[in-house]
Structure formats: C-alpha cells, structure tokens
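Written below as structure tokens is the structure these notes are about.
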Amino acid sequence: MAETLISNATAKATLEQIKEVIKEKSVELLHLQFVDIEGILKHVTVTSAQLEDVVEGKMMFDGSSIKGFSPINKSDLYLQPDLNTFAVLPWTVEEGYSEARFLCSAANPDGTPFEGDTRNVLKKTVERAADKGYTISVGPELEFFLFKNDDNGYATTELTDKAGYFEPSPHDLGERVRLEIYRALKAMGFTIEASHHEVAEGQHEINFKYADVLTAADLATTYKWVVKTVAKKFGMHATFMPKPVFGINGSGMHVNMSFFKGSENAFFDPADEMQLSEKAYQFIAGVLENVKGIAAVTNPLVNSYKRLVPGYEAPCYIAWSASNRSALIRIPAKRGLATRVELRCPDPSANPYLTFAVIASAGLDGIEKGLEAPAPINDDIFHMSEEQRAFRGIDNLPGSLAEAVKELEAGEIAFNTLGEHVYNEYVSMKKAEWDSYRTAVHTWEIDNYHSKF
C-alpha cells in the first residue's frame, strides 16, 4: 500500500501496511477526522504511538460539543477509524517528520454505531441497497470559488481573476493553485480526471474518479478540506458557498450515480432506444418524485436557493433529459459500465454523506415501487414561459430553504433515510437557520429603504 488514501473499493488497507508507512514516512501525528451534521470536518490529533488504541476505537470525544450529535447527559462517544482512509498529508512532509489522518465513524460506548453520525447514515443506505442486490457508485463534481485574503489572512469578497470557462493562464490566475491541489490530492490517492477554470470569474473545478458511494463521500469531504488548505497557502480563500457573488453562476455539486449488480451496470440496457434499463427509468422516476422532499438536504443553505434560479445554468425545474443541461436530471452520453444518472441541483455546501444517502434512497424508492419515468424534456426549459412549463407538467424545486424544509417534513424519504435522531436535529437546525435569516436586517434592505422611508 502506498502512503495514500485507498480510493479503490476492492483494496483493503491492513494495520501492518499502515505501520510500515508510518515508519517509512516518520509519521508523528495522527488526525482522527469526522464530520458534524452539516458535513463540517472535525478532528482530534494524537501521536502515532497511540495507533493501536486508535484502531481499536478507544479514542473518546465529547459528542455534546458537536452540532447535531449527543445531549450533554449522553456525551461520551468513540471514534472508529476506517483503515482505508489512512493518508499521509503531503503538505506536512519534511525530512524526518510527517502527519497522517483517518476518517472515522462515531460509536456509542457499547460499540454500536452512533445514529447521529452522518457517515453511519450513509452506511445504512448502502445496506438497504445491498439487500436489493445493488452496490452504489457515485462520481461527484464540486465547484468552488477563490477569493483573496487580506493581510491578516481573512477572506475578502475580491475574486482572484476575471477568467471564464476553460480559459488558461495568464487570465486564469488560479491555475497554479489548482496544480498544487491536484498534486496534494494525487498524493493522497485520488485519481484526478480533469482540472479547469469554470464559467464564472474566480470559479474552478477539479474532477476525481467515481467510487463506491461511501468512498465517494469520503473523497468529497477530503477534497473540500484539501482545496481550502492549499488555497490558504497561496493567500486565498476557497469557498464552497453555493452563490457567493450576485449576477454570475453559482457552484454546484453534480452527483453522478449508478447502481451495479455484481460487475454489471444495472442502469444499462443495449436493447433500449436510449440504452437505459427499466431500473434506470424507475430510479429517475423515484428521484423526480421525491426531489422536493430531499432538497433541504441536497441544497441546505438559505444561500442555496439564490443559485437555483433561471439563467445561471443551475437547474430549478423538475424534469429529465438525455442531454439537456436545463433539466434537473441529465443522462451523460457514455453507456455500458459508465451509464449513470446525473442529478444537477445539489450544491457543494451539502453534507456528502447525507446527500448521497437521500438521492440513492429516492432512486431505490422508484425501483421498489416500479415508478414510471415521465417523458424526457429535450427543449430549453429556461426559455419556456410559465404557461408552457405548466402545460408540459414541469414543476419547480422549492424556492427557499423554508419551502424546502416544509417539503422535507411533508415527505417520508428524508425521515426514513436519516433516521429519527439526524432528521429531528437537521429539521430543527434548518428552521433556526431560516428564522435567523428571516429576522435579520440585510444590506439590501438598508440600501433600498433606509433613506427612502
């Protein structure tokens, strides 16, 4: 095993292999990482001399201090590292010294999985799919913006360049940053497929290879951390905020998902006109049927709904197509093992573990119920009138976080997928977030009303 994160689901790291890397790379510190309910990365650092205790899950932490985790009277939780996520951190490597990390799941004192840990939530969805004979494959695409930092290292609202889609240097001033991000990710075991400037000024994307759904969520979480860490070294702030700048495109996290049965892609059928299987159509139908009820998870912020508006490439209409990028669901051209369904509404502020879980559950719901997908919409939905969309039965995504939370509460997918603990904590948190936004006085209000009235 190299000193990297294992991104191949068939590869399994062993403790002995990890010990060899720790010795070879002079790893002194181990960061035990996990995420809170929002998907924000946390970690506790121990010495490599404590490796045996780490692997045995003996590292305790205070769950009551983590958002969405335990009440204060049941605060003791333990970290259970996934050995396949071991990685030496390339920016820490120097002569005779380095640091490494594990991604962990949280466990109760009796060793059972802690139901408030979102990584455990996704594991349950993996088990549900496995009961039906499926493994879930995911390839996420996370966009981000680069802003300049001030002299004190704090983020400003000044973008780093004015380049556009696929523009090279000298216009693309983030090219050097992306190169260093690429090198760090590669050293940690990622297989990078593409790196480029995105459509908006200061916006970027680095694509990595698909993986099984749990690994994909681990990779997405790691990716966001690495991007922010490397950008900081260049005096820049990387943000995965969905819509940081008015008037230009926001950032998405397109989620490409496939179901496999053994080595066969269950979404592929060469005999079908579109080379899609019955299960693929049912999956599409399930996602379309349930997408309003999972939007508060896939698009979790007040700011998320400022991206989901017409005119900026973000889909806000509930429809599907083989190639139409104005539709919510697109089917990329590749077939065979690469056949996949791309959901285009999620944004990169979302918790990857919860997002992948609710999308897979929505699709499974369509398969289990034998739902029939509506006809694809191949016309430009953005330029249809409201009457034309209504005539063709094209519904809208929720227009705000408040609407999305109401839809989440009205449906069953989120509760059944997240479980009672995460569901209740998540709904409570999102209602509080909306109420804080609703009652705050914003700059727009001051600009438009202060001197006028």
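Ordering of the structure tokens sets the chain letters (A, B, ...), residue numbers begin anew at 1 in every chain, and ligands are numbered from 1 in the order given.
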| Secondary structure check, strand (DSSP E or B) residues of range 189-320 of chain A, as number ranges by chain | A: 192-197, 203-208, 211-212, 236-239, 253-261, 264-265, 268, 276, 317-318, 320
Using N, CA and C atoms, can you export the residues from the last selection as a tab-separated table (two decimals), in the first residue's frame?
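As a result, out-v3.tsv now contains:
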chain	number	residue	atom	x	y	z
A	192	ILE	N	-7.32	11.86	-10.46
A	192	ILE	CA	-7.86	13.11	-11.00
A	192	ILE	C	-8.13	12.95	-12.49
A	193	GLU	N	-9.31	13.37	-12.91
A	193	GLU	CA	-9.71	13.22	-14.31
A	193	GLU	C	-9.66	14.53	-15.08
A	194	ALA	N	-9.88	15.67	-14.44
A	194	ALA	CA	-9.86	16.95	-15.13
A	194	ALA	C	-9.71	18.08	-14.12
A	195	SER	N	-9.14	19.19	-14.59
A	195	SER	CA	-8.99	20.39	-13.78
A	195	SER	C	-9.13	21.59	-14.70
A	196	HIS	N	-9.97	22.54	-14.35
A	196	HIS	CA	-10.18	23.67	-15.25
A	196	HIS	C	-10.85	24.85	-14.56
A	197	HIS	N	-10.75	26.01	-15.21
A	197	HIS	CA	-11.49	27.18	-14.77
A	197	HIS	C	-12.94	26.99	-15.17
A	203	GLN	N	-13.99	31.04	-10.48
A	203	GLN	CA	-14.62	29.75	-10.17
A	203	GLN	C	-13.84	28.61	-10.81
A	204	HIS	N	-13.73	27.49	-10.07
A	204	HIS	CA	-12.86	26.39	-10.51
A	204	HIS	C	-13.51	25.04	-10.23
A	205	GLU	N	-12.97	24.03	-10.91
A	205	GLU	CA	-13.44	22.66	-10.69
A	205	GLU	C	-12.31	21.68	-10.94
A	206	ILE	N	-12.21	20.69	-10.07
A	206	ILE	CA	-11.27	19.59	-10.24
A	206	ILE	C	-12.07	18.30	-10.08
A	207	ASN	N	-12.09	17.47	-11.10
A	207	ASN	CA	-12.90	16.25	-11.08
A	207	ASN	C	-12.05	15.04	-10.72
A	208	PHE	N	-12.59	14.19	-9.85
A	208	PHE	CA	-11.91	12.95	-9.50
A	208	PHE	C	-12.80	11.76	-9.84
A	211	ALA	N	-16.39	6.33	-7.36
A	211	ALA	CA	-16.06	5.24	-6.42
A	211	ALA	C	-17.35	4.72	-5.83
A	212	ASP	N	-17.25	3.68	-5.00
A	212	ASP	CA	-18.43	3.25	-4.26
A	212	ASP	C	-18.90	4.42	-3.41
A	236	MET	N	-5.17	32.75	-0.44
A	236	MET	CA	-6.52	32.78	-1.00
A	236	MET	C	-7.48	32.02	-0.10
A	237	HIS	N	-8.76	32.33	-0.26
A	237	HIS	CA	-9.81	31.62	0.46
A	237	HIS	C	-10.66	30.86	-0.55
A	238	ALA	N	-10.74	29.55	-0.40
A	238	ALA	CA	-11.60	28.74	-1.26
A	238	ALA	C	-12.94	28.56	-0.55
A	239	THR	N	-14.02	28.84	-1.26
A	239	THR	CA	-15.34	28.67	-0.65
A	239	THR	C	-16.22	27.77	-1.50
A	253	MET	N	-22.72	20.85	-7.08
A	253	MET	CA	-22.10	19.55	-6.85
A	253	MET	C	-22.95	18.52	-7.61
A	254	HIS	N	-22.73	18.44	-8.91
A	254	HIS	CA	-23.47	17.46	-9.70
A	254	HIS	C	-23.13	16.06	-9.18
A	255	VAL	N	-24.16	15.25	-8.99
A	255	VAL	CA	-23.97	13.90	-8.45
A	255	VAL	C	-24.32	12.88	-9.52
A	256	ASN	N	-23.30	12.16	-9.98
A	256	ASN	CA	-23.48	11.08	-10.97
A	256	ASN	C	-23.58	9.76	-10.22
A	257	MET	N	-24.71	9.06	-10.39
A	257	MET	CA	-24.94	7.84	-9.60
A	257	MET	C	-25.33	6.68	-10.51
A	258	SER	N	-24.78	5.53	-10.20
A	258	SER	CA	-25.13	4.27	-10.88
A	258	SER	C	-25.36	3.19	-9.84
A	259	PHE	N	-26.19	2.23	-10.18
A	259	PHE	CA	-26.35	1.02	-9.37
A	259	PHE	C	-25.73	-0.14	-10.14
A	260	PHE	N	-24.98	-0.97	-9.43
A	260	PHE	CA	-24.37	-2.15	-10.04
A	260	PHE	C	-24.93	-3.41	-9.40
A	261	LYS	N	-25.05	-4.45	-10.20
A	261	LYS	CA	-25.31	-5.80	-9.71
A	261	LYS	C	-24.10	-6.64	-10.08
A	264	GLU	N	-21.94	-5.78	-13.30
A	264	GLU	CA	-22.78	-5.22	-14.36
A	264	GLU	C	-23.48	-3.95	-13.91
A	265	ASN	N	-23.48	-2.96	-14.79
A	265	ASN	CA	-24.19	-1.72	-14.50
A	265	ASN	C	-25.70	-1.97	-14.68
A	268	PHE	N	-27.82	0.01	-17.44
A	268	PHE	CA	-27.53	-0.12	-18.87
A	268	PHE	C	-28.31	-1.25	-19.50
A	276	LEU	N	-31.00	2.58	-21.78
A	276	LEU	CA	-31.23	2.63	-20.34
A	276	LEU	C	-32.12	1.45	-19.94
A	317	TYR	N	-36.00	23.38	-12.43
A	317	TYR	CA	-37.24	22.77	-12.91
A	317	TYR	C	-37.12	21.25	-12.89
A	318	ILE	N	-38.19	20.59	-12.46
A	318	ILE	CA	-38.16	19.14	-12.24
A	318	ILE	C	-38.50	18.41	-13.53
A	320	TRP	N	-36.29	15.64	-16.74
A	320	TRP	CA	-35.07	14.91	-17.07
A	320	TRP	C	-34.87	14.86	-18.58
| request: Between CA of Leu15 in chain A and CA of Leu214 in chain A, measure the distance and give it in Å to one decimal. | output: 20.4 Å
| message | Just checking: using only C-alpha atoms, which residue out of A:Val302, A:Ile284, A:Ile40, A:Leu308 ends up closest to Pro346 in chain A? | response |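 Of A:Val302, A:Ile284, A:Ile40, A:Leu308, the one nearest Pro346 in chain A is A:Leu308, counting only C-alpha atoms.
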| field | Nearest to Val35 in chain A, chosen from A:Ala129, A:Ala350, A:Ala231, A:Leu397, with only C-alpha atoms counted in the distances | value |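 Looking at the shortest contact to Val35 in chain A, the residue is A:Ala350.
Pairwise distance (CA of Ile294 in chain A, CA of Ser277 in chain A) equals 24.4 Å.
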| field | Residues flagged helix (DSSP H, G or I) by DSSP in range 168-372 of chain A, as a PyMOL selection string | value | chain A and resi 175-187+213-233+278-298+304-307+336-338+352-369
Closest atom pairs, range 291-314 of chain A residues within 12 Å of range 330-344 of chain A, only C-alpha atoms, as a Markdown table:
| residue | atom | partner | partner_atom | distance |
| --- | --- | --- | --- | --- |
| A:Val291 | CA | A:Leu343 | CA | 9.7 |
| A:Ala295 | CA | A:Leu343 | CA | 11.5 |
| A:Thr298 | CA | A:Leu343 | CA | 10.0 |
| A:Asn299 | CA | A:Arg344 | CA | 10.9 |
| A:Arg307 | CA | A:Arg344 | CA | 11.8 |
| A:Leu308 | CA | A:Arg344 | CA | 10.3 |
| A:Glu313 | CA | A:Arg344 | CA | 9.6 |
| A:Ala314 | CA | A:Arg344 | CA | 7.3 |
Convert the current residue selection to file output with all heavy atoms, as a short mmCIF file (atom, residue, chain, number, x, y, z; two decimals), in the first residue's frame.
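And here is the file that came out, again02.cif:
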data_model
loop_
_atom_site.label_atom_id
_atom_site.label_comp_id
_atom_site.auth_asym_id
_atom_site.auth_seq_id
_atom_site.Cartn_x
_atom_site.Cartn_y
_atom_site.Cartn_z
N VAL A 291 -37.70 14.55 -5.17
CA VAL A 291 -36.63 15.55 -5.11
C VAL A 291 -37.01 16.77 -4.28
O VAL A 291 -36.16 17.35 -3.59
CB VAL A 291 -36.17 15.96 -6.53
CG1 VAL A 291 -37.24 16.79 -7.25
CG2 VAL A 291 -34.84 16.69 -6.46
N ALA A 295 -34.65 18.25 -1.09
CA ALA A 295 -33.91 19.46 -1.46
C ALA A 295 -33.26 20.15 -0.27
O ALA A 295 -32.18 20.74 -0.40
CB ALA A 295 -34.84 20.44 -2.19
N THR A 298 -29.95 18.26 -0.09
CA THR A 298 -29.04 18.46 -1.23
C THR A 298 -28.68 19.93 -1.41
O THR A 298 -27.63 20.24 -1.99
CB THR A 298 -29.66 17.92 -2.53
OG1 THR A 298 -30.87 18.65 -2.82
CG2 THR A 298 -29.98 16.45 -2.42
N ASN A 299 -29.53 20.82 -0.94
CA ASN A 299 -29.32 22.27 -1.05
C ASN A 299 -29.66 22.89 0.30
O ASN A 299 -30.76 23.40 0.50
CB ASN A 299 -30.18 22.85 -2.17
CG ASN A 299 -29.91 22.18 -3.51
OD1 ASN A 299 -30.50 21.15 -3.83
ND2 ASN A 299 -29.00 22.74 -4.27
N ARG A 307 -28.83 30.29 -5.86
CA ARG A 307 -28.21 29.64 -7.03
C ARG A 307 -29.27 29.02 -7.91
O ARG A 307 -29.15 29.04 -9.15
CB ARG A 307 -27.22 28.56 -6.57
CG ARG A 307 -26.78 27.63 -7.69
CD ARG A 307 -25.83 26.56 -7.21
NE ARG A 307 -25.65 25.51 -8.21
CZ ARG A 307 -26.25 24.33 -8.21
NH1 ARG A 307 -27.06 24.01 -7.19
NH2 ARG A 307 -26.04 23.46 -9.17
N LEU A 308 -30.33 28.46 -7.30
CA LEU A 308 -31.34 27.71 -8.06
C LEU A 308 -32.38 28.66 -8.67
O LEU A 308 -33.55 28.65 -8.33
CB LEU A 308 -32.01 26.68 -7.15
CG LEU A 308 -31.10 25.58 -6.62
CD1 LEU A 308 -31.85 24.67 -5.66
CD2 LEU A 308 -30.50 24.76 -7.77
N GLU A 313 -27.35 28.47 -15.35
CA GLU A 313 -27.02 27.05 -15.57
C GLU A 313 -27.45 26.12 -14.45
O GLU A 313 -27.30 24.92 -14.57
CB GLU A 313 -25.51 26.86 -15.84
CG GLU A 313 -25.04 27.50 -17.14
CD GLU A 313 -23.64 27.03 -17.53
OE1 GLU A 313 -23.07 26.18 -16.83
OE2 GLU A 313 -23.14 27.51 -18.56
N ALA A 314 -27.96 26.65 -13.35
CA ALA A 314 -28.41 25.78 -12.26
C ALA A 314 -29.85 25.36 -12.51
O ALA A 314 -30.71 26.19 -12.76
CB ALA A 314 -28.30 26.52 -10.93
#
| said: If I take CA of Met274 in chain A and CA of Ala322 in chain A, how far is one from the other in Å, to one decimal? | reply: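 Straight-line distance from CA of Met274 in chain A to CA of Ala322 in chain A works out to 8.1 Å.
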